[in-house]
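Source file: start_32.cif. Holds: mmCIF, C-alpha atoms and all ligand atoms.
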```
data_input
#
loop_
_atom_site.label_atom_id
_atom_site.label_comp_id
_atom_site.auth_asym_id
_atom_site.auth_seq_id
_atom_site.Cartn_x
_atom_site.Cartn_y
_atom_site.Cartn_z
CA MET M 91 157.09 -59.11 -49.29
CA LYS M 92 156.11 -57.48 -46.04
CA VAL M 93 154.20 -54.36 -46.92
CA LEU M 94 152.60 -52.39 -44.10
CA THR M 95 149.14 -53.89 -43.70
CA GLU M 96 147.07 -56.48 -45.45
CA ALA M 97 144.65 -53.81 -46.62
CA VAL M 98 147.44 -51.93 -48.33
CA VAL M 99 148.67 -55.14 -49.95
CA LEU M 100 145.21 -55.92 -51.31
CA PHE M 101 144.79 -52.37 -52.51
CA LEU M 102 148.12 -52.42 -54.30
CA LEU M 103 147.45 -55.86 -55.75
CA GLY M 104 144.30 -54.57 -57.31
CA LEU M 105 145.94 -51.39 -58.47
CA MET M 106 149.19 -52.43 -60.05
CA PRO M 107 150.09 -56.07 -59.84
CA PHE M 108 152.75 -55.73 -62.52
CA HIS M 109 154.75 -53.23 -60.55
CA ILE M 110 154.83 -55.52 -57.58
CA PHE M 111 155.62 -58.88 -59.00
CA ALA M 112 156.58 -58.63 -62.62
CA SER M 113 160.24 -58.87 -63.40
CA PRO M 114 161.41 -55.93 -65.54
CA PHE M 115 163.19 -58.29 -67.88
CA PRO M 116 161.78 -61.29 -69.74
CA THR M 117 162.55 -64.43 -67.77
CA THR M 118 161.39 -66.80 -70.49
CA THR M 119 164.08 -65.90 -72.98
CA LYS M 120 167.41 -67.69 -72.77
CA SER M 121 169.51 -64.89 -74.23
CA PRO M 122 170.86 -62.45 -71.66
CA SER M 123 169.11 -59.12 -71.16
CA SER M 124 170.98 -56.03 -72.24
CA LEU M 125 172.29 -53.88 -69.41
CA ILE M 126 173.48 -50.27 -69.32
CA ILE M 127 175.38 -49.17 -66.21
CA ASP M 128 175.76 -45.52 -65.22
CA ILE M 129 178.33 -44.97 -62.46
CA ASP M 130 180.35 -42.23 -60.80
CA LEU M 131 183.33 -44.42 -59.92
CA ASP M 132 183.03 -44.33 -56.16
CA PHE M 133 184.87 -47.26 -54.59
CA GLU M 134 181.65 -49.16 -54.04
CA ASP M 135 180.78 -49.01 -57.75
CA ILE M 136 183.84 -51.20 -58.26
CA THR M 137 182.46 -53.91 -55.96
CA ALA M 138 179.14 -53.65 -57.79
CA ILE M 139 180.74 -54.20 -61.21
CA ALA M 140 182.89 -57.02 -59.84
CA SER M 141 179.74 -58.72 -58.52
CA LEU M 142 178.45 -58.88 -62.10
CA LYS M 143 181.42 -60.86 -63.39
CA LYS M 144 179.99 -64.36 -63.10
CA GLN M 145 176.33 -63.73 -63.76
CA GLN M 146 174.92 -64.71 -67.13
CA GLN M 147 171.57 -63.03 -66.96
CA PHE M 148 172.79 -59.71 -68.31
CA SER M 149 175.03 -58.61 -71.11
CA THR M 150 176.50 -55.18 -70.39
CA ILE M 151 176.32 -53.12 -73.59
CA ALA M 152 177.55 -49.77 -72.22
CA VAL M 153 178.97 -48.23 -69.08
CA THR M 154 178.68 -44.48 -68.76
CA MET M 155 180.31 -42.16 -66.28
CA VAL M 156 178.16 -39.59 -64.52
CA CYS M 157 180.63 -36.82 -63.82
CA THR M 158 178.53 -34.86 -61.32
CA GLY M 159 179.24 -37.50 -58.66
CA LEU M 160 182.37 -38.80 -57.05
CA GLY M 161 184.89 -39.53 -59.80
CA ARG M 162 186.04 -36.73 -62.11
CA CYS M 163 185.33 -36.90 -65.83
CA GLU M 164 189.03 -36.29 -66.46
CA ASN M 165 189.57 -39.99 -65.77
CA SER M 166 186.37 -41.61 -66.98
CA ASN M 167 188.49 -44.14 -68.91
CA ASN M 168 189.29 -45.64 -65.50
CA ILE M 169 186.13 -47.66 -66.15
CA LYS M 170 188.26 -49.58 -68.68
CA GLY M 171 190.75 -50.12 -65.88
CA ILE M 172 188.09 -51.83 -63.73
CA TYR M 173 187.20 -54.24 -66.53
CA SER M 174 190.85 -54.91 -67.26
CA LEU M 175 191.60 -55.69 -63.59
CA LEU M 176 188.61 -58.04 -63.54
CA GLY M 177 189.77 -59.74 -66.74
CA MET M 178 186.56 -58.80 -68.51
CA PRO M 179 186.20 -57.21 -71.94
CA ALA M 180 185.25 -53.54 -71.52
CA PRO M 181 181.89 -52.54 -72.97
CA ALA M 182 181.38 -49.24 -74.79
CA ILE M 183 182.19 -46.33 -72.46
CA GLY M 184 181.04 -42.71 -72.39
CA SER M 185 181.21 -39.59 -70.21
CA GLY M 186 178.43 -37.23 -69.18
CA ARG M 187 178.39 -33.56 -68.24
CA SER M 188 180.13 -32.47 -65.07
CA PHE M 189 178.21 -29.28 -64.39
CA VAL M 190 174.92 -28.81 -62.52
CA PRO M 191 173.67 -25.29 -63.36
CA LYS M 192 171.53 -24.79 -60.26
CA PHE M 193 174.14 -26.04 -57.79
CA PRO M 194 177.51 -25.41 -59.46
CA SER M 195 179.59 -25.64 -56.29
CA ARG M 196 178.15 -28.81 -54.78
CA GLN M 197 180.55 -31.70 -54.79
CA PHE M 198 182.01 -34.55 -52.78
CA PRO M 199 185.09 -33.70 -50.68
CA LEU M 200 187.86 -32.99 -53.18
CA ASP M 201 190.30 -35.52 -51.74
CA TRP M 202 187.65 -38.22 -52.21
CA ARG M 203 187.21 -37.15 -55.81
CA HIS M 204 190.93 -37.25 -56.47
CA SER M 205 191.26 -40.70 -54.95
CA ALA M 206 189.11 -41.97 -57.83
CA ASP M 207 191.70 -40.61 -60.30
CA ASN M 208 193.83 -43.71 -59.94
CA LEU M 209 190.96 -45.96 -58.81
CA TYR M 210 191.91 -45.91 -55.16
CA ASN M 211 195.49 -46.94 -55.96
CA LEU M 212 194.39 -49.89 -58.08
CA LEU M 213 195.89 -48.15 -61.13
CA GLU M 214 199.42 -46.79 -61.37
CA THR M 215 198.41 -44.19 -63.93
CA PRO M 216 195.06 -42.46 -64.39
CA MET M 217 193.54 -43.46 -67.73
CA GLY M 218 192.28 -40.07 -68.89
CA LYS M 219 189.00 -38.86 -70.24
CA ASN M 220 186.74 -40.81 -72.54
CA GLU M 221 185.39 -38.29 -75.06
CA ILE M 222 182.32 -40.27 -76.15
CA ASP M 223 179.17 -38.53 -74.96
CA ALA M 224 177.28 -40.65 -72.40
CA VAL M 225 173.79 -39.67 -73.51
CA GLU M 226 174.53 -40.21 -77.21
CA LEU M 227 176.16 -43.54 -76.43
CA ILE M 228 173.20 -44.82 -74.41
CA TRP M 229 170.75 -43.70 -77.07
CA SER M 230 172.73 -45.29 -79.88
CA GLU M 231 173.02 -48.56 -77.94
CA LEU M 232 169.27 -48.55 -77.23
CA GLN M 233 168.54 -47.96 -80.90
CA LYS M 234 170.67 -50.95 -81.86
CA LEU M 235 168.44 -53.30 -79.87
CA PRO M 236 166.16 -55.40 -82.10
CA ASP M 237 162.47 -54.49 -82.21
CA GLY M 238 160.68 -55.56 -79.08
CA GLN M 239 163.85 -55.70 -77.00
CA ALA M 240 164.76 -53.26 -74.28
CA ALA M 241 167.65 -52.72 -71.87
CA VAL M 242 167.75 -52.54 -68.11
CA ILE M 243 169.47 -49.46 -66.68
CA LEU M 244 171.47 -49.67 -63.46
CA ALA M 245 172.12 -46.14 -62.16
CA LEU M 246 174.65 -45.94 -59.34
CA GLY M 247 175.43 -42.22 -59.24
CA PRO M 248 173.58 -38.91 -59.57
CA LEU M 249 170.83 -39.10 -62.20
CA THR M 250 172.27 -36.42 -64.50
CA ASN M 251 172.90 -38.67 -67.51
CA ILE M 252 169.62 -40.57 -67.20
CA SER M 253 167.64 -37.35 -66.93
CA ASP M 254 169.48 -35.89 -69.93
CA LEU M 255 168.73 -39.06 -71.90
CA LEU M 256 164.99 -39.01 -71.16
CA GLU M 257 164.80 -35.29 -71.82
CA LYS M 258 166.65 -35.33 -75.13
CA TYR M 259 165.28 -38.67 -76.36
CA PRO M 260 161.84 -39.24 -74.77
CA GLN M 261 161.39 -42.18 -77.17
CA ALA M 262 164.12 -43.98 -75.18
CA GLU M 263 161.33 -44.89 -72.72
CA GLU M 264 160.23 -47.61 -75.17
CA LYS M 265 163.66 -49.21 -75.19
CA ILE M 266 164.07 -49.36 -71.41
CA ALA M 267 162.90 -52.52 -69.63
CA GLY M 268 163.47 -51.30 -66.09
CA MET M 269 165.63 -49.11 -63.92
CA TYR M 270 167.46 -49.87 -60.70
CA ILE M 271 168.61 -46.69 -58.98
CA MET M 272 170.73 -46.18 -55.89
CA GLY M 273 169.78 -42.94 -54.17
CA GLY M 274 167.88 -41.15 -51.44
CA ALA M 275 167.19 -41.73 -47.77
CA ILE M 276 163.50 -42.31 -47.13
CA THR M 277 162.94 -43.33 -43.49
CA VAL M 278 166.51 -42.73 -42.31
CA THR M 279 168.82 -39.72 -42.15
CA GLY M 280 170.97 -38.91 -45.17
CA ASN M 281 174.74 -39.10 -45.54
CA VAL M 282 175.75 -35.67 -46.85
CA ALA M 283 176.21 -33.92 -43.49
CA TYR M 284 177.56 -37.18 -42.03
CA ASP M 285 180.28 -37.45 -44.67
CA ASP M 286 181.11 -33.77 -45.04
CA PRO M 287 180.19 -31.86 -41.86
CA ASN M 288 182.52 -29.00 -42.76
CA ASP M 289 180.99 -28.03 -46.08
CA TYR M 290 177.41 -29.28 -45.66
CA PRO M 291 176.58 -29.40 -41.94
CA GLU M 292 172.88 -28.62 -42.46
CA TYR M 293 172.04 -31.34 -44.99
CA HIS M 294 171.11 -34.18 -42.65
CA LEU M 295 168.24 -35.45 -44.77
CA SER M 296 169.98 -35.76 -48.11
CA GLU M 297 171.85 -38.59 -49.75
CA TRP M 298 174.70 -37.66 -52.10
CA ASN M 299 173.41 -39.00 -55.43
CA ILE M 300 170.24 -36.94 -55.15
CA PHE M 301 171.82 -33.96 -53.37
CA LEU M 302 174.40 -33.35 -56.10
CA ASP M 303 171.78 -33.00 -58.83
CA PRO M 304 168.27 -32.78 -57.36
CA GLU M 305 166.64 -31.56 -60.55
CA SER M 306 167.81 -34.55 -62.57
CA ALA M 307 166.62 -36.85 -59.78
CA ALA M 308 163.22 -35.13 -59.84
CA ASN M 309 163.06 -35.57 -63.64
CA VAL M 310 163.65 -39.31 -63.36
CA LEU M 311 161.96 -40.28 -60.08
CA GLY M 312 159.14 -37.77 -60.08
CA LYS M 313 157.72 -38.73 -63.48
CA ALA M 314 155.69 -41.68 -64.72
CA HIS M 315 157.45 -44.27 -66.86
CA ASN M 316 156.47 -47.23 -69.03
CA PHE M 317 158.87 -49.49 -67.13
CA PRO M 318 159.30 -50.48 -63.48
CA VAL M 319 161.63 -48.36 -61.37
CA TYR M 320 163.35 -49.73 -58.28
CA LEU M 321 164.87 -47.19 -55.92
CA VAL M 322 167.42 -48.45 -53.39
CA PRO M 323 167.98 -45.73 -50.79
CA LEU M 324 170.22 -45.76 -47.71
CA ASP M 325 167.47 -47.45 -45.69
CA PRO M 326 168.34 -51.07 -46.52
CA SER M 327 172.09 -50.57 -46.98
CA ASN M 328 172.42 -49.05 -43.49
CA SER M 329 172.28 -52.67 -42.26
CA LEU M 330 174.99 -53.76 -44.71
CA PRO M 331 178.32 -52.25 -43.63
CA TYR M 332 181.80 -52.91 -44.89
CA ASN M 333 183.73 -54.12 -41.83
CA LYS M 334 186.62 -56.30 -40.81
CA ALA M 335 184.58 -59.49 -41.24
CA VAL M 336 183.75 -58.45 -44.81
CA PHE M 337 187.41 -57.65 -45.47
CA ASP M 338 188.49 -61.04 -44.12
CA GLN M 339 185.90 -62.83 -46.22
CA PHE M 340 187.09 -61.13 -49.41
CA GLY M 341 190.62 -62.04 -48.30
CA GLU M 342 189.69 -65.70 -48.07
CA LEU M 343 188.21 -65.66 -51.56
CA ALA M 344 190.96 -63.50 -53.10
CA ASN M 345 193.17 -66.39 -54.17
CA LYS M 346 190.19 -68.22 -55.65
CA THR M 347 188.47 -65.65 -57.87
CA SER M 348 189.68 -62.52 -59.65
CA SER M 349 186.51 -60.61 -58.74
CA ALA M 350 187.18 -61.11 -55.01
CA ALA M 351 190.87 -60.36 -55.54
CA VAL M 352 190.10 -56.93 -57.03
CA VAL M 353 187.80 -55.96 -54.16
CA TYR M 354 190.22 -57.33 -51.58
CA SER M 355 193.11 -55.44 -53.11
CA MET M 356 191.08 -52.20 -53.10
CA LEU M 357 190.13 -52.65 -49.44
CA LYS M 358 193.68 -53.57 -48.48
CA LYS M 359 195.01 -50.38 -50.05
CA ASN M 360 192.22 -48.33 -48.43
CA PRO M 361 191.57 -49.59 -44.91
CA GLN M 362 189.41 -46.51 -44.27
CA PHE M 363 186.72 -48.18 -46.39
CA TYR M 364 186.18 -50.95 -43.85
CA ASN M 365 187.64 -49.93 -40.51
CA ASP M 366 186.79 -46.27 -40.00
CA THR M 367 184.10 -46.35 -37.33
CA ASN M 368 183.54 -42.59 -37.73
CA ASN M 369 182.66 -42.89 -41.38
CA ILE M 370 181.22 -46.31 -42.05
CA LYS M 371 180.78 -47.38 -45.67
CA TYR M 372 177.97 -49.58 -46.88
CA PHE M 373 177.07 -51.84 -49.79
CA TRP M 374 174.91 -49.21 -51.46
CA ASN M 375 175.64 -49.97 -55.11
CA THR M 376 176.34 -53.66 -54.70
CA LEU M 377 172.97 -54.12 -53.00
CA THR M 378 171.25 -52.33 -55.89
CA THR M 379 173.08 -54.54 -58.38
CA MET M 380 172.25 -57.71 -56.47
CA LEU M 381 168.57 -56.81 -56.22
CA MET M 382 168.60 -56.48 -59.99
CA MET M 383 170.34 -59.82 -60.50
CA ASN M 384 168.81 -61.87 -57.79
CA GLU M 385 165.09 -62.38 -57.70
CA SER M 386 165.37 -64.36 -54.45
CA LEU M 387 166.70 -61.33 -52.56
CA LEU M 388 164.01 -59.10 -54.04
CA THR M 389 161.23 -61.52 -53.11
CA ASP M 390 162.59 -62.65 -49.72
CA PRO M 391 159.67 -62.48 -47.24
CA GLU M 392 161.80 -60.22 -45.05
CA THR M 393 162.48 -57.78 -47.86
CA VAL M 394 160.27 -54.69 -47.52
CA ILE M 395 159.31 -52.78 -50.63
CA LYS M 396 157.04 -49.78 -50.58
CA GLN M 397 155.30 -48.43 -53.70
CA CYS M 398 155.82 -44.69 -53.54
CA GLN M 399 155.26 -41.47 -55.25
CA ILE M 400 158.65 -39.84 -54.84
CA ALA M 401 159.13 -36.12 -54.37
CA ILE M 402 162.57 -34.52 -54.58
CA ASP M 403 163.31 -31.23 -52.86
CA THR M 404 164.99 -29.11 -55.53
CA SER M 405 165.07 -25.96 -53.39
CA GLU M 406 168.12 -24.47 -51.72
CA SER M 407 166.79 -25.07 -48.21
CA SER M 408 168.40 -27.41 -45.68
CA SER M 409 166.22 -30.24 -47.03
CA SER M 410 167.58 -29.67 -50.54
CA GLY M 411 168.09 -33.00 -52.25
CA GLN M 412 165.83 -34.88 -49.87
CA ALA M 413 163.85 -37.71 -51.47
CA SER M 414 160.46 -38.33 -49.83
CA CYS M 415 157.75 -40.92 -50.21
CA VAL M 416 154.72 -38.64 -50.43
CA GLY M 417 152.05 -41.23 -51.17
CA GLU M 418 151.33 -44.39 -53.09
CA GLY M 419 152.93 -44.44 -56.49
CA ALA M 420 154.84 -46.45 -59.05
CA VAL M 421 158.39 -46.31 -57.68
CA ASN M 422 159.35 -49.53 -55.88
CA VAL M 423 161.33 -48.29 -52.90
CA VAL M 424 163.38 -50.94 -51.15
CA ILE M 425 163.14 -50.17 -47.45
CA GLN M 426 164.72 -53.27 -45.96
CA VAL M 427 166.53 -56.45 -46.96
CA PRO M 428 167.59 -59.28 -44.64
CA PRO M 429 171.35 -58.77 -44.07
CA LYS M 430 172.02 -62.49 -43.67
CA HIS M 431 170.56 -63.25 -47.08
CA PHE M 432 172.47 -60.36 -48.64
CA TYR M 433 175.90 -61.33 -47.30
CA GLN M 434 175.36 -65.00 -48.10
CA GLN M 435 174.40 -64.15 -51.67
CA LEU M 436 177.24 -61.64 -51.98
CA PHE M 437 179.94 -64.12 -51.07
CA ASP M 438 178.28 -66.86 -53.13
CA PHE M 439 178.65 -64.57 -56.16
CA PHE M 440 182.26 -63.73 -55.37
CA ALA M 441 183.12 -67.39 -54.77
CA GLN M 442 181.97 -68.49 -58.22
CA PRO M 443 185.01 -69.72 -60.12
CA CA V 501 178.16 -44.49 -57.07
#
```

For the structure just supplied, provide its representation as structure tokens.
Amino acid sequence: MKVLTEAVVLFLLGLMPFHIFASPFPTTTKSPSSLIIDIDLDFEDITAIASLKKQQQFSTIAVTMVCTGLGRCENSNNIKGIYSLLGMPAPAIGSGRSFVPKFPSRQFPLDWRHSADNLYNLLETPMGKNEIDAVELIWSELQKLPDGQAAVILALGPLTNISDLLEKYPQAEEKIAGMYIMGGAITVTGNVAYDDPNDYPEYHLSEWNIFLDPESAANVLGKAHNFPVYLVPLDPSNSLPYNKAVFDQFGELANKTSSAAVVYSMLKKNPQFYNDTNNIKYFWNTLTTMLMMNESLLTDPETVIKQCQIAIDTSESSSSGQASCVGEGAVNVVIQVPPKHFYQQLFDFFAQP
């Protein structure tokens, strides 16, 4: 890990060695760790879930839909559609709230939201709303875990559900082994104004997942936890675009594995995801998922991780929703990963028969 200066490394080593090197899940046990995934059904969440198909380290016990992000709660059952397309049994599914009291009108462009209704044309018919409450589902799944066991949470949308969980059931902290969160833009500009210059031209510093529900993000990222938290902002994924080469590579693998076939089919039906040079898409969620699964990417000497105290701007100013590293703290912020290693690992996963 390349962390600023040697002095800082030594200081951090002395201060919190477990946050730097300890894996959030037990590596000695042979049984898979339990995993809970919270997603908003953006197209890139689909690649992330597909990347999990062949791994055996985690057993997904629940997937919950955070409805304050891209996809609409009306079709949260589309999560079942993803698992069905991948030929995987669907875990328990739930839906969260879709309303953010402080910022009721903030949302992704509506046409983007509606394109999730039929999973970017992967489904002929939208699958409707799942009425199981996300927070209750996560808590009940956590409670089912045997004593001494805990689940890893992978959060790939706004942090509404996770914040609600920790607020309503603070004792859930004891049943969580670690959290991997996609969100924020720490040393780079955000993507809100970039993606939606008509509605949000002033929000250059904010990334969508935090911008859509800053208070929930502050509740999760701004507080101390008993488990390690990894935050994967736009900084590292900015070097990991979807492009024609990526499309071609998925195309080559599509007749070999069903996970590659699903991603290839999605990209084929939506060329704007890989060939729109005015609105480039990146492996935000897939990177977060792969960092969780793949110790070698996390510990690559070229991977840069900074231990930060994170502050979230919950005001209504033009920096609303900005996530900042305001000092040394317990959140492991991934600033950089080597692209070559990422892409190699990505296509290794998708090539696994
Ligand atoms: Ca997402």

Counting all atoms listed in the file, find the residues whose atoms lie at most 6 Å from (180.2, -39.8, -73.2) (file coordinates) and write them out as number ranges by chain. M: 184-186, 221-224

Show which residues sit within 6 Å of stretch 410-427 of chain M, as a PDB file with C-alpha atoms, in the coordinates of the input. Count only C-alpha atoms, and ignore same-chain residues fewer than 2 positions away.
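Listing of out_32.pdb after writing:
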```pdb
ATOM      1  CA  GLY M 274     167.880 -41.150 -51.440  1.00  0.00           C
ATOM      2  CA  ILE M 276     163.500 -42.310 -47.130  1.00  0.00           C
ATOM      3  CA  LEU M 295     168.240 -35.450 -44.770  1.00  0.00           C
ATOM      4  CA  SER M 296     169.980 -35.760 -48.110  1.00  0.00           C
ATOM      5  CA  ILE M 300     170.240 -36.940 -55.150  1.00  0.00           C
ATOM      6  CA  PHE M 301     171.820 -33.960 -53.370  1.00  0.00           C
ATOM      7  CA  PRO M 304     168.270 -32.780 -57.360  1.00  0.00           C
ATOM      8  CA  VAL M 319     161.630 -48.360 -61.370  1.00  0.00           C
ATOM      9  CA  TYR M 320     163.350 -49.730 -58.280  1.00  0.00           C
ATOM     10  CA  LEU M 321     164.870 -47.190 -55.920  1.00  0.00           C
ATOM     11  CA  VAL M 322     167.420 -48.450 -53.390  1.00  0.00           C
ATOM     12  CA  ASP M 325     167.470 -47.450 -45.690  1.00  0.00           C
ATOM     13  CA  PRO M 326     168.340 -51.070 -46.520  1.00  0.00           C
ATOM     14  CA  THR M 393     162.480 -57.780 -47.860  1.00  0.00           C
ATOM     15  CA  VAL M 394     160.270 -54.690 -47.520  1.00  0.00           C
ATOM     16  CA  ILE M 395     159.310 -52.780 -50.630  1.00  0.00           C
ATOM     17  CA  LYS M 396     157.040 -49.780 -50.580  1.00  0.00           C
ATOM     18  CA  GLN M 397     155.300 -48.430 -53.700  1.00  0.00           C
ATOM     19  CA  CYS M 398     155.820 -44.690 -53.540  1.00  0.00           C
ATOM     20  CA  GLN M 399     155.260 -41.470 -55.250  1.00  0.00           C
ATOM     21  CA  ILE M 400     158.650 -39.840 -54.840  1.00  0.00           C
ATOM     22  CA  ALA M 401     159.130 -36.120 -54.370  1.00  0.00           C
ATOM     23  CA  ILE M 402     162.570 -34.520 -54.580  1.00  0.00           C
ATOM     24  CA  ASP M 403     163.310 -31.230 -52.860  1.00  0.00           C
ATOM     25  CA  THR M 404     164.990 -29.110 -55.530  1.00  0.00           C
ATOM     26  CA  SER M 405     165.070 -25.960 -53.390  1.00  0.00           C
ATOM     27  CA  GLU M 406     168.120 -24.470 -51.720  1.00  0.00           C
ATOM     28  CA  SER M 407     166.790 -25.070 -48.210  1.00  0.00           C
ATOM     29  CA  SER M 408     168.400 -27.410 -45.680  1.00  0.00           C
TER      30      SER M 408
END
```

Need the shell around stretch 154-164 of chain M: protein/DNA/RNA residues with any atom at most 10 Å away, counting all atoms listed in the file. Skip same-chain ones fewer than 5 positions apart. Format as number ranges by chain? M: 126-133, 169, 181-190, 194, 196-200, 202-209, 216-225, 227-228, 245-252, 298-303

Report, in Å with one decimal, the straight-line distance from atom CA of M:Tyr210 to atom CA of M:Met356.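 Straight-line distance from atom CA of M:Tyr210 to atom CA of M:Met356 works out to 6.7 Å.
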
Within 9 Å of M:Thr347, counting all atoms listed in the file, which residues qualify if same-chain residues fewer than 6 places away don't, as a ChimeraX atom specification? /M:440-443

Would you output that residue set with C-alpha atoms, as a compact mmCIF listing (two decimals), keeping the file's coordinate frame?
```
# COMPACT_ATOMS: atom_id res chain seq x y z
CA PHE M 440 182.26 -63.73 -55.37
CA ALA M 441 183.12 -67.39 -54.77
CA GLN M 442 181.97 -68.49 -58.22
CA PRO M 443 185.01 -69.72 -60.12
```

Nearest residue to ligand CA 501 (chain V) from the set M:Lys430, M:Pro236, M:Thr279, M:Asp135 (distances using only C-alpha atoms and all ligand atoms):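 Result for the nearest residue to ligand CA 501 (chain V): M:Asp135.
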
Return as lines of an AutoDock Vina configuration file the centre and edge lengths, in Å with one decimal, of the box along x, y and z that encloses every atom of stretch 389-406 of chain M in the file, padded by 8 Å per side.
```
center_x = 161.7
center_y = -43.6
center_z = -50.3
size_x = 28.9
size_y = 54.2
size_z = 26.5
```

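Between atom CA of M:Ser409 and atom CA of M:Tyr293 the separation is 6.3 Å.
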
What is the atom CA of M:Ala335-atom CA of M:Tyr433 distance in Å, reported with one decimal? 10.7 Å

If you count only C-alpha atoms and all ligand atoms, the residue of M:Pro260, M:Gly273, M:Gly268, M:Gly238 closest to ligand CA 501 (chain V) turns out to be M:Gly273

Taking the block above, write stretch 231-248 of chain M with N, CA and C atoms as a PDB file, in the first residue's frame.
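Listed below is the output, decode-v1.pdb:
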```
ATOM      1  N   GLU M 231     -32.261 -11.032   8.926  1.00  0.00           N
ATOM      2  CA  GLU M 231     -31.188 -11.910   8.429  1.00  0.00           C
ATOM      3  C   GLU M 231     -29.969 -11.854   9.357  1.00  0.00           C
ATOM      4  N   LEU M 232     -29.650 -10.670   9.860  1.00  0.00           N
ATOM      5  CA  LEU M 232     -28.513 -10.550  10.778  1.00  0.00           C
ATOM      6  C   LEU M 232     -28.773 -11.332  12.064  1.00  0.00           C
ATOM      7  N   GLN M 233     -30.016 -11.271  12.520  1.00  0.00           N
ATOM      8  CA  GLN M 233     -30.356 -11.977  13.763  1.00  0.00           C
ATOM      9  C   GLN M 233     -30.284 -13.493  13.616  1.00  0.00           C
ATOM     10  N   LYS M 234     -30.491 -13.960  12.388  1.00  0.00           N
ATOM     11  CA  LYS M 234     -30.445 -15.412  12.143  1.00  0.00           C
ATOM     12  C   LYS M 234     -29.025 -15.965  12.202  1.00  0.00           C
ATOM     13  N   LEU M 235     -28.032 -15.093  12.070  1.00  0.00           N
ATOM     14  CA  LEU M 235     -26.646 -15.570  12.056  1.00  0.00           C
ATOM     15  C   LEU M 235     -26.301 -16.167  13.421  1.00  0.00           C
ATOM     16  N   PRO M 236     -25.597 -17.298  13.426  1.00  0.00           N
ATOM     17  CA  PRO M 236     -25.208 -17.900  14.709  1.00  0.00           C
ATOM     18  C   PRO M 236     -24.349 -16.935  15.534  1.00  0.00           C
ATOM     19  N   ASP M 237     -24.336 -17.149  16.831  1.00  0.00           N
ATOM     20  CA  ASP M 237     -23.523 -16.319  17.730  1.00  0.00           C
ATOM     21  C   ASP M 237     -22.086 -16.256  17.229  1.00  0.00           C
ATOM     22  N   GLY M 238     -21.524 -15.085  17.260  1.00  0.00           N
ATOM     23  CA  GLY M 238     -20.132 -14.932  16.864  1.00  0.00           C
ATOM     24  C   GLY M 238     -19.950 -14.750  15.359  1.00  0.00           C
ATOM     25  N   GLN M 239     -21.017 -14.910  14.595  1.00  0.00           N
ATOM     26  CA  GLN M 239     -20.898 -14.680  13.153  1.00  0.00           C
ATOM     27  C   GLN M 239     -21.509 -13.346  12.775  1.00  0.00           C
ATOM     28  N   ALA M 240     -20.958 -12.767  11.722  1.00  0.00           N
ATOM     29  CA  ALA M 240     -21.425 -11.454  11.287  1.00  0.00           C
ATOM     30  C   ALA M 240     -21.407 -11.423   9.767  1.00  0.00           C
ATOM     31  N   ALA M 241     -22.139 -10.481   9.180  1.00  0.00           N
ATOM     32  CA  ALA M 241     -22.234 -10.398   7.723  1.00  0.00           C
ATOM     33  C   ALA M 241     -21.493  -9.170   7.209  1.00  0.00           C
ATOM     34  N   VAL M 242     -20.992  -9.302   5.997  1.00  0.00           N
ATOM     35  CA  VAL M 242     -20.398  -8.159   5.310  1.00  0.00           C
ATOM     36  C   VAL M 242     -21.509  -7.451   4.529  1.00  0.00           C
ATOM     37  N   ILE M 243     -21.491  -6.128   4.552  1.00  0.00           N
ATOM     38  CA  ILE M 243     -22.486  -5.364   3.788  1.00  0.00           C
ATOM     39  C   ILE M 243     -21.794  -4.666   2.617  1.00  0.00           C
ATOM     40  N   LEU M 244     -22.362  -4.855   1.436  1.00  0.00           N
ATOM     41  CA  LEU M 244     -21.877  -4.216   0.219  1.00  0.00           C
ATOM     42  C   LEU M 244     -22.942  -3.207  -0.197  1.00  0.00           C
ATOM     43  N   ALA M 245     -22.636  -1.923  -0.083  1.00  0.00           N
ATOM     44  CA  ALA M 245     -23.634  -0.874  -0.329  1.00  0.00           C
ATOM     45  C   ALA M 245     -23.287  -0.126  -1.613  1.00  0.00           C
ATOM     46  N   LEU M 246     -24.130  -0.287  -2.636  1.00  0.00           N
ATOM     47  CA  LEU M 246     -23.807   0.238  -3.960  1.00  0.00           C
ATOM     48  C   LEU M 246     -24.771   1.328  -4.419  1.00  0.00           C
ATOM     49  N   GLY M 247     -25.488   1.913  -3.474  1.00  0.00           N
ATOM     50  CA  GLY M 247     -26.399   3.018  -3.808  1.00  0.00           C
ATOM     51  C   GLY M 247     -26.332   4.055  -2.698  1.00  0.00           C
ATOM     52  N   PRO M 248     -27.294   4.986  -2.658  1.00  0.00           N
ATOM     53  CA  PRO M 248     -27.352   5.906  -1.513  1.00  0.00           C
ATOM     54  C   PRO M 248     -27.452   5.109  -0.209  1.00  0.00           C
TER      55      PRO M 248
END
```
